[in-house]
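Below: the structure, in structure tokens.
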Amino acid sequence: MRICDLKQKEVINICNCKRLGFVSDIDFDICTGCIVAIIVPGMGKIYGLFGRDTEYIIPFCDIKQIGPDIILVEIREDEVLKKCKFE
């Protein structure tokens with residue numbers, strides 16, 4: 001599976017059946033080549049017009065299943081929702 005294939009899949013939290021969005025990026029370990037986490041953009045600031053200031057950083061171990069269209073994760077959203085770092 002390629003990274004571009006992951007970006008086309010929607011992420012759903014199975015704890016509350018909430019749609020989190022689509023994968024925007026991945027975090028991987030350069031030494032091992034293994035995926036460490038997937039990154040999904042959080043809610044927009046004002047109706048999504050002014051960008052986003054949060055993102056879900058979901059550890060790979062919390063992914064329960066990757067299907068043809070969706071990725072099922074089991075997370076506590078307050079633990080994986082992080083502020084975006086703009087530099």
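Lettering and numbering for the structure tokens are positional, with chains as A, B, ... in the shown order, residues counted from 1 in each chain, and ligands counted from 1 in the shown order.
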Residue contacts of range 56-60 of chain A (7 Å, only C-alpha atoms) excluding same-chain residues fewer than 2 positions away, as a VMD selection string: chain A and resid 35 to 42 62 to 63 80 to 82
Enumerate the residues of chain A with a DSSP assignment of strand (DSSP E), computed from the backbone, and present them as an MDAnalysis selection string. chainID A and resid 10:13 18:22 25:28 35:41 54:59 63:66 70:73 81:83
Expressed in Å to a single decimal, how great is the separation between CA of Cys15 in chain A and CA of Gly67 in chain A?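 CA of Gly67 in chain A lies 17.3 Å from CA of Cys15 in chain A.
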Option closest in space to Gln65 in chain A, from A:Val23, A:Cys31, A:Val11, A:Cys17 [counting only C-alpha atoms]: A:Val11
Counting only C-alpha atoms, figure out which residue out of A:Met1, A:Leu6, A:Ile66, A:Val73 gets nearest to Leu20 in chain A. A:Val73
Contacts of Ile3 in chain A at 10 Å (only C-alpha atoms; same-chain gap of 6+ positions) as an NGL selection string: :A and (23-26)
Counting only C-alpha atoms, figure out which residue out of A:Met43, A:Asp69, A:Thr54, A:Phe28 gets nearest to Lys7 in chain A.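 Nearest candidate to Lys7 in chain A out of A:Met43, A:Asp69, A:Thr54, A:Phe28: A:Asp69.
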Distance of CA of Ile14 in chain A from CA of Ile75 in chain A, expressed in Å to one decimal place: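 One can read the CA of Ile75 in chain A to CA of Ile14 in chain A distance as 7.9 Å.
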Select, from A:Arg2, A:Glu55, A:Gln8, A:Arg19, the residue with the minimum atom-to-atom distance to Pro68 in chain A, counting only C-alpha atoms.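 Using only C-alpha atoms, Pro68 in chain A sits closest to A:Gln8.
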How many Å lie between CA of Glu74 in chain A and CA of Glu10 in chain A, rounded to one decimal? 13.9 Å
Would you please extract all alpha helix (DSSP H) residues from chain A, as assigned by DSSP on the backbone, and give them as an MDAnalysis selection string? chainID A and resid 3:7 77:80
